[in-house]
$ cat run_20.cif   # mmCIF, C-alpha atoms
data_final
loop_
_atom_site.label_atom_id
_atom_site.label_comp_id
_atom_site.auth_asym_id
_atom_site.auth_seq_id
_atom_site.Cartn_x
_atom_site.Cartn_y
_atom_site.Cartn_z
CA MET H 1 0.00 0.00 0.00
CA LEU H 2 1.25 3.46 -0.88
CA SER H 3 1.77 5.78 2.07
CA ALA H 4 4.05 8.67 2.97
CA LYS H 5 5.99 6.41 5.31
CA SER H 6 6.44 3.58 2.79
CA LEU H 7 7.52 6.00 0.05
CA PHE H 8 10.07 7.73 2.22
CA GLN H 9 11.29 4.36 3.49
CA GLU H 10 12.02 3.37 -0.11
CA ILE H 11 13.97 6.57 -0.64
CA LEU H 12 15.82 6.09 2.63
CA ASP H 13 16.82 2.51 1.88
CA ASN H 14 18.46 3.30 -1.47
CA ASP H 15 21.78 5.17 -1.44
CA GLU H 16 21.23 6.99 -4.74
CA SER H 17 17.71 8.21 -3.91
CA PHE H 18 18.74 9.14 -0.35
CA ALA H 19 21.68 11.18 -1.66
CA LEU H 20 19.38 13.03 -4.07
CA PHE H 21 16.81 13.71 -1.35
CA CYS H 22 19.42 15.04 1.08
CA SER H 23 21.18 17.06 -1.62
CA ILE H 24 17.94 18.79 -2.62
CA ALA H 25 17.12 19.51 1.02
CA ALA H 26 20.64 20.72 1.88
CA SER H 27 20.75 23.02 -1.14
CA GLY H 28 17.43 24.64 -0.29
CA GLU H 29 18.35 25.14 3.36
CA SER H 30 21.75 26.62 2.51
CA GLN H 31 20.13 29.00 0.03
CA GLY H 32 17.69 30.07 2.72
CA GLY H 33 20.60 30.68 5.06
CA TRP H 34 22.28 32.96 2.52
CA GLU H 35 19.08 34.89 1.85
CA ASN H 36 18.42 35.52 5.53
CA ALA H 37 22.02 36.60 6.14
CA ARG H 38 21.80 39.14 3.33
CA ILE H 39 18.41 40.43 4.51
CA ALA H 40 19.76 40.84 8.05
CA ALA H 41 22.70 42.84 6.69
CA LEU H 42 20.39 45.12 4.69
CA VAL H 43 17.60 45.70 7.22
CA PRO H 44 16.63 49.40 7.27
CA ASP H 45 17.61 51.40 10.35
CA THR H 46 13.98 51.64 11.48
CA GLN H 47 13.83 47.83 11.81
CA ARG H 48 17.26 47.03 13.23
CA ASP H 49 15.64 45.22 16.17
CA LEU H 50 14.58 42.55 13.67
CA ALA H 51 18.13 41.85 12.49
CA PRO H 52 19.13 39.40 15.27
CA LYS H 53 15.99 37.33 14.62
CA ILE H 54 16.69 37.22 10.90
CA VAL H 55 20.29 36.21 11.64
CA ARG H 56 19.01 33.41 13.88
CA HIS H 57 16.60 32.30 11.15
CA GLY H 58 19.45 32.13 8.64
CA ALA H 59 21.76 30.33 11.08
CA ASP H 60 19.10 27.67 11.61
CA GLU H 61 18.75 27.17 7.86
CA ASP H 62 22.53 26.82 7.50
CA LYS H 63 22.50 24.29 10.34
CA HIS H 64 19.82 22.26 8.58
CA GLY H 65 21.91 22.19 5.41
CA ARG H 66 24.86 20.87 7.41
CA ILE H 67 22.64 18.23 9.02
CA PHE H 68 21.52 16.86 5.66
CA ASN H 69 25.12 16.80 4.44
CA ALA H 70 26.14 14.99 7.64
CA LEU H 71 23.44 12.37 7.07
CA MET H 72 24.96 11.65 3.67
CA LYS H 73 28.50 11.57 5.02
CA LYS H 74 27.46 9.12 7.71
CA ARG H 75 26.47 6.67 4.97
CA GLY H 76 29.59 7.33 2.95
CA LEU H 77 27.67 9.32 0.33
CA ARG H 78 28.57 12.56 -1.42
CA PRO H 79 26.18 15.36 -2.38
CA VAL H 80 24.88 15.10 -5.95
CA PRO H 81 23.91 17.88 -8.36
CA VAL H 82 20.42 19.21 -7.77
CA PRO H 83 18.28 19.05 -10.94
CA PRO H 84 17.02 22.59 -11.69
CA GLU H 85 13.42 21.42 -11.89
CA THR H 86 13.63 20.20 -8.26
CA ASP H 87 15.14 23.43 -6.89
CA TYR H 88 12.21 24.80 -4.87
CA THR H 89 14.01 27.93 -3.64
CA MET H 90 15.32 28.90 -7.09
CA LEU H 91 11.93 28.34 -8.72
CA LEU H 92 10.18 30.50 -6.13
CA GLU H 93 12.58 33.34 -6.88
CA GLN H 94 12.08 32.88 -10.63
CA ASN H 95 8.35 33.21 -10.04
CA GLY H 96 8.89 36.56 -8.32
CA ILE H 97 8.22 35.31 -4.80
CA GLY H 98 10.23 36.89 -2.00
CA LEU H 99 13.09 39.30 -2.52
CA ALA H 100 15.04 39.01 -5.76
CA HIS H 101 18.62 37.84 -5.41
CA ASP H 102 19.77 40.81 -7.52
CA LYS H 103 18.40 43.09 -4.82
CA LEU H 104 20.04 41.08 -2.05
CA LYS H 105 23.43 41.14 -3.76
CA ARG H 106 23.48 44.94 -3.75
CA ASP H 107 24.66 46.85 -0.70
CA GLU H 108 21.56 49.04 -0.60
CA PRO H 109 19.32 49.09 2.49
CA LEU H 110 16.00 47.34 2.11
CA THR H 111 12.75 49.23 2.55
CA LEU H 112 9.98 48.54 5.02
CA PRO H 113 7.81 47.04 2.22
CA ASP H 114 10.76 44.75 1.41
CA ILE H 115 10.74 43.47 5.01
CA VAL H 116 6.99 42.88 4.84
CA THR H 117 7.53 40.92 1.61
CA TYR H 118 10.29 38.86 3.22
CA LEU H 119 8.13 38.01 6.23
CA ALA H 120 5.09 37.15 4.11
CA HIS H 121 7.18 34.91 1.85
CA SER H 122 8.70 33.24 4.90
CA ARG H 123 5.30 32.75 6.53
CA VAL H 124 4.11 30.81 3.44
CA THR H 125 7.24 28.71 2.91
CA GLU H 126 7.70 27.99 6.61
CA GLN H 127 4.13 26.68 6.71
CA ARG H 128 5.14 24.14 4.07
CA ALA H 129 8.40 23.31 5.84
CA SER H 130 6.69 22.90 9.20
CA GLU H 131 4.08 20.54 7.73
CA GLN H 132 6.65 18.45 5.88
CA MET H 133 8.87 18.07 8.93
CA ASP H 134 5.85 17.29 11.10
CA LEU H 135 5.06 14.42 8.71
CA LEU H 136 8.62 13.10 8.91
CA ARG H 137 8.62 13.47 12.69
CA LYS H 138 5.36 11.49 12.88
CA HIS H 139 6.90 8.52 11.08
CA PHE H 140 10.63 8.76 11.79
CA ALA H 141 11.10 10.53 15.14
CA ASP H 142 12.47 7.31 16.64
CA HIS H 143 14.55 6.24 13.63
CA PRO H 144 18.11 5.40 14.77
CA ASP H 145 19.77 7.44 12.02
CA LEU H 146 17.24 10.15 11.18
CA GLY H 147 15.30 10.62 14.40
CA ARG H 148 17.41 13.26 16.13
CA ALA H 149 17.82 15.31 12.93
CA VAL H 150 14.10 15.17 12.15
CA ARG H 151 13.12 16.27 15.66
CA MET H 152 15.63 19.14 15.69
CA ILE H 153 14.72 20.50 12.26
CA SER H 154 10.98 20.16 12.93
CA HIS H 155 11.36 22.15 16.17
CA ASP H 156 13.25 24.89 14.33
CA GLU H 157 10.70 25.12 11.50
CA ASP H 158 7.89 25.49 14.03
CA ASN H 159 9.86 28.32 15.65
CA HIS H 160 10.34 30.02 12.28
CA LEU H 161 6.63 29.83 11.54
CA ALA H 162 5.75 31.26 14.96
CA TYR H 163 8.22 34.11 14.43
CA CYS H 164 6.65 34.99 11.07
CA HIS H 165 3.14 35.09 12.56
CA GLU H 166 4.23 37.30 15.44
CA GLU H 167 6.18 39.79 13.34
CA LEU H 168 3.52 40.04 10.61
CA LEU H 169 0.88 40.74 13.26
CA ARG H 170 3.12 43.49 14.62
CA PHE H 171 3.35 45.06 11.17
CA ALA H 172 -0.41 44.65 10.67
CA ARG H 173 -1.05 46.61 13.87
CA ALA H 174 1.26 49.30 12.50
CA GLY H 175 -1.03 49.78 9.49
CA HIS H 176 0.33 47.33 6.91
CA GLY H 177 -2.51 44.81 7.09
CA ARG H 178 -3.75 45.19 3.51
CA ALA H 179 -0.26 44.93 2.03
CA ILE H 180 0.42 41.85 4.16
CA GLN H 181 -2.76 40.07 3.09
CA ARG H 182 -2.20 40.90 -0.58
CA THR H 183 1.40 39.66 -0.46
CA LEU H 184 0.49 36.53 1.49
CA ARG H 185 -2.16 35.59 -1.09
CA GLU H 186 0.21 36.15 -4.02
CA CYS H 187 2.94 34.12 -2.33
CA ALA H 188 0.60 31.27 -1.37
CA LEU H 189 -0.89 30.86 -4.84
CA ALA H 190 2.55 30.89 -6.45
CA GLU H 191 4.02 28.54 -3.83
CA ILE H 192 1.41 25.84 -4.35
CA ARG H 193 2.16 25.82 -8.10
CA VAL H 194 5.89 25.59 -7.51
CA TYR H 195 5.42 22.90 -4.87
CA ARG H 196 3.31 20.85 -7.29
CA ASP H 197 5.89 21.16 -10.06
CA VAL H 198 8.81 20.35 -7.75
CA SER H 199 6.95 17.40 -6.26
CA LEU H 200 6.27 15.96 -9.72
CA ALA H 201 9.92 16.45 -10.70
CA VAL H 202 11.26 14.87 -7.51
CA MET H 203 8.93 11.88 -7.84
CA ALA H 204 9.98 11.43 -11.47
CA HIS H 205 13.65 11.30 -10.47
CA MET H 206 12.93 8.97 -7.56
CA GLY H 207 10.86 6.73 -9.80
CA ARG H 208 13.71 6.43 -12.26
CA ILE H 209 16.21 5.62 -9.52
CA LEU H 210 13.96 3.14 -7.72
CA GLY H 211 12.49 1.57 -10.83
CA TRP H 212 8.87 2.35 -10.04
CA PRO H 213 6.42 0.75 -12.51
CA LYS H 214 4.32 3.14 -14.61
CA PRO H 215 1.07 2.47 -12.71
CA LYS H 216 2.73 3.38 -9.40
CA ALA H 217 4.26 6.53 -10.86
CA ALA H 218 0.88 7.47 -12.35
CA VAL H 219 -0.88 7.05 -8.99
CA LEU H 220 1.71 9.23 -7.26
CA ALA H 221 1.45 11.93 -9.93
CA ALA H 222 -2.35 11.86 -9.65
CA GLY H 223 -2.01 12.29 -5.89
CA ILE H 224 0.21 15.33 -6.34
CA HIS H 225 -2.27 16.87 -8.78
CA ALA H 226 -5.12 16.14 -6.35
CA VAL H 227 -3.28 17.93 -3.53
CA TYR H 228 -2.72 20.91 -5.82
CA ALA H 229 -6.42 20.97 -6.79
CA TYR H 230 -7.39 21.05 -3.12
CA GLU H 231 -4.82 23.72 -2.31
CA ARG H 232 -5.88 25.83 -5.29
CA LEU H 233 -9.52 25.60 -4.22
CA ALA H 234 -9.21 26.21 -0.51
CA GLY H 235 -6.05 24.79 1.08
CA TRP H 236 -3.99 27.89 0.31
CA ARG H 237 -5.98 29.79 2.92
CA ARG H 238 -4.11 28.06 5.76
CA MET H 239 -0.98 29.82 4.47
CA VAL H 240 -2.37 33.33 4.72
CA SER H 241 -4.11 33.34 8.09
CA LEU H 242 -2.38 35.05 10.99
CA ARG H 243 -2.75 34.29 14.69
CA MET H 244 -0.64 35.01 17.72
CA PRO H 245 1.47 31.88 18.24
CA ASP H 246 1.77 29.94 21.46
CA ARG H 247 5.55 30.23 21.06
CA ARG H 248 6.17 33.92 21.68
CA ASN H 249 9.52 35.44 20.73
CA ALA H 250 10.51 32.08 19.23
CA LEU H 251 13.69 33.49 17.70
#
$ encode --input "run_20.cif" --output "structure tokens"
Amino acid sequence: MLSAKSLFQEILDNDESFALFCSIAASGESQGGWENARIAALVPDTQRDLAPKIVRHGADEDKHGRIFNALMKKRGLRPVPVPPETDYTMLLEQNGIGLAHDKLKRDEPLTLPDIVTYLAHSRVTEQRASEQMDLLRKHFADHPDLGRAVRMISHDEDNHLAYCHEELLRFARAGHGRAIQRTLRECALAEIRVYRDVSLAVMAHMGRILGWPKPKAAVLAAGIHAVYAYERLAGWRRMVSLRMPDRRNAL
């Protein structure tokens, strides 16, 4: 029977598929670390109190990248090239979500709307990350090799999501509510498209590596399309709501 646990177990048990999975994850986390470091360096003077939290966010992402690389090293594996069609972070930027890398590479201070955009983008993507890690924690929290890493990363992603909620609510109280809601909606609708496309690409690569028969691959692709249909209809709304988190001052 197909399930999230059985699929990931297949990927875990094969060196080539495990190396690809970890390489994709490590690349995305490292890219997130770079982005947050640049944003922290360019925070406008009026928002300097945010800089340490953004630095912490980036440091966590860098740590996650190192964890995925360490998991490969532990099995005697090396990172493999990340296929462009599986690069979630790069594809989000290409779709105009978040702050453009060209802007981050310049030594010009960001504006307050830039910070709102960063936080809205992070709120959407951290929702996805938190949910994915929660799924892995559900099935692999006690795994002898993955358990500690899964628990640690899941805890961090929950902190990141809480931080985004709290800071966006602060900006909403300061009069930026409409801009926040507009940006959140744009980010969410773009993210679910990118996530669908990346999921299909990753499953295609895993299917080739693991030798999945065509009927199995077709069922998985249909499942991905079904998730997208649900998210396009209503599921995206969970990514744009804001509530004060139980974890206050998480970063």
$ atom_distance --input "run_20.cif" --atom1 "CA of Thr125 (chain H)" --atom2 "CA of Val80 (chain H)"
24.0 Å
$ resolve_selection --input "run_20.cif" --expression "the PyMOL selection byres ((chain H and resi 20) around 8)" --output "mmCIF file with C-alpha atoms, in the frame of the given file"
data_model
loop_
_atom_site.group_PDB
_atom_site.id
_atom_site.type_symbol
_atom_site.label_atom_id
_atom_site.label_comp_id
_atom_site.auth_asym_id
_atom_site.auth_seq_id
_atom_site.Cartn_x
_atom_site.Cartn_y
_atom_site.Cartn_z
ATOM 1 C CA GLU H 16 21.230 6.990 -4.740
ATOM 2 C CA SER H 17 17.710 8.210 -3.910
ATOM 3 C CA PHE H 18 18.740 9.140 -0.350
ATOM 4 C CA ALA H 19 21.680 11.180 -1.660
ATOM 5 C CA PHE H 21 16.810 13.710 -1.350
ATOM 6 C CA CYS H 22 19.420 15.040 1.080
ATOM 7 C CA SER H 23 21.180 17.060 -1.620
ATOM 8 C CA ILE H 24 17.940 18.790 -2.620
ATOM 9 C CA PRO H 79 26.180 15.360 -2.380
ATOM 10 C CA VAL H 80 24.880 15.100 -5.950
ATOM 11 C CA PRO H 81 23.910 17.880 -8.360
ATOM 12 C CA VAL H 82 20.420 19.210 -7.770
#
$ closest_residue --input "run_20.cif" --among "H:Arg248, H:His205, H:Arg75, H:Arg196" --to "Arg232 (chain H)" --atoms "only C-alpha atoms"
H:Arg196
$ resolve_selection --input "run_20.cif" --expression "the PyMOL selection byres ((chain H and resi 56) around 10)" --output "number ranges by chain"
H: 33, 36-37, 40, 51-55, 57-62, 160, 251
$ write_last_selection --input "run_20.cif" --atoms "C-alpha atoms" --output "PDB file, in the coordinates of the input"
ATOM      1  CA  GLY H  33      20.600  30.680   5.060  1.00  0.00           C
ATOM      2  CA  ASN H  36      18.420  35.520   5.530  1.00  0.00           C
ATOM      3  CA  ALA H  37      22.020  36.600   6.140  1.00  0.00           C
ATOM      4  CA  ALA H  40      19.760  40.840   8.050  1.00  0.00           C
ATOM      5  CA  ALA H  51      18.130  41.850  12.490  1.00  0.00           C
ATOM      6  CA  PRO H  52      19.130  39.400  15.270  1.00  0.00           C
ATOM      7  CA  LYS H  53      15.990  37.330  14.620  1.00  0.00           C
ATOM      8  CA  ILE H  54      16.690  37.220  10.900  1.00  0.00           C
ATOM      9  CA  VAL H  55      20.290  36.210  11.640  1.00  0.00           C
ATOM     10  CA  HIS H  57      16.600  32.300  11.150  1.00  0.00           C
ATOM     11  CA  GLY H  58      19.450  32.130   8.640  1.00  0.00           C
ATOM     12  CA  ALA H  59      21.760  30.330  11.080  1.00  0.00           C
ATOM     13  CA  ASP H  60      19.100  27.670  11.610  1.00  0.00           C
ATOM     14  CA  GLU H  61      18.750  27.170   7.860  1.00  0.00           C
ATOM     15  CA  ASP H  62      22.530  26.820   7.500  1.00  0.00           C
ATOM     16  CA  HIS H 160      10.340  30.020  12.280  1.00  0.00           C
ATOM     17  CA  LEU H 251      13.690  33.490  17.700  1.00  0.00           C
TER      18      LEU H 251
END
$ residues_around --input "run_20.cif" --residues "region 178-189 of chain H" --least-positions-apart "5" --cutoff "12 Å" --atoms "only C-alpha atoms" --output "ChimeraX atom specification"
/H:92-93,95-99,112-128,164-165,167-173,194-196,228-242
$ residues_around --input "run_20.cif" --residues "Leu104 (chain H)" --least-positions-apart "4" --cutoff "7 Å" --atoms "all atoms listed in the file" --output "PyMOL selection string"
chain H and resi 38-39+100
$ closest_residue --input "run_20.cif" --among "H:Glu166, H:Asp45, H:Asp13, H:Glu35" --to "Thr111 (chain H)" --atoms "only C-alpha atoms"
H:Asp45
$ residues_around --input "run_20.cif" --residues "Ala26 (chain H)" --least-positions-apart "5" --cutoff "8 Å" --atoms "only C-alpha atoms" --output "list in words"
His64, Gly65, Arg66, Ile67, Phe68 and Asn69 of chain H
$ write_last_selection --input "run_20.cif" --atoms "C-alpha atoms" --output "mmCIF file, in the frame of the given file"
data_model
loop_
_atom_site.group_PDB
_atom_site.id
_atom_site.type_symbol
_atom_site.label_atom_id
_atom_site.label_comp_id
_atom_site.auth_asym_id
_atom_site.auth_seq_id
_atom_site.Cartn_x
_atom_site.Cartn_y
_atom_site.Cartn_z
ATOM 1 C CA HIS H 64 19.820 22.260 8.580
ATOM 2 C CA GLY H 65 21.910 22.190 5.410
ATOM 3 C CA ARG H 66 24.860 20.870 7.410
ATOM 4 C CA ILE H 67 22.640 18.230 9.020
ATOM 5 C CA PHE H 68 21.520 16.860 5.660
ATOM 6 C CA ASN H 69 25.120 16.800 4.440
#
$ resolve_selection --input "run_20.cif" --expression "the PyMOL selection byres ((chain H and resi 2) around 12)" --output "ChimeraX atom specification"
/H:1,3-10,212,215-217,219-220,223
$ residues_around --input "run_20.cif" --residues "Ser130 (chain H)" --least-positions-apart "6" --cutoff "12 Å" --atoms "all atoms listed in the file" --output "list in words"
Ser122, Arg123, Val124, Leu136, Arg137, Val150, Arg151, Met152, Ile153, Ser154, His155, Asp156, Glu157, Asp158, Asn159, His160, Leu161, Ala162 and Met239 of chain H
$ atom_distance --input "run_20.cif" --atom1 "CA of Thr86 (chain H)" --atom2 "CA of Leu200 (chain H)"
8.6 Å
$ closest_residue --input "run_20.cif" --among "H:Leu12, H:Ala204, H:Ala129, H:Val227" --to "Tyr88 (chain H)" --atoms "all atoms listed in the file"
H:Ala129
$ closest_residue --input "run_20.cif" --among "H:Met72, H:Ala221, H:Met90, H:Leu110" --to "Val202 (chain H)" --atoms "all atoms listed in the file"
H:Ala221
$ atom_distance --input "run_20.cif" --atom1 "CA of Asp107 (chain H)" --atom2 "CA of Pro44 (chain H)"
11.6 Å
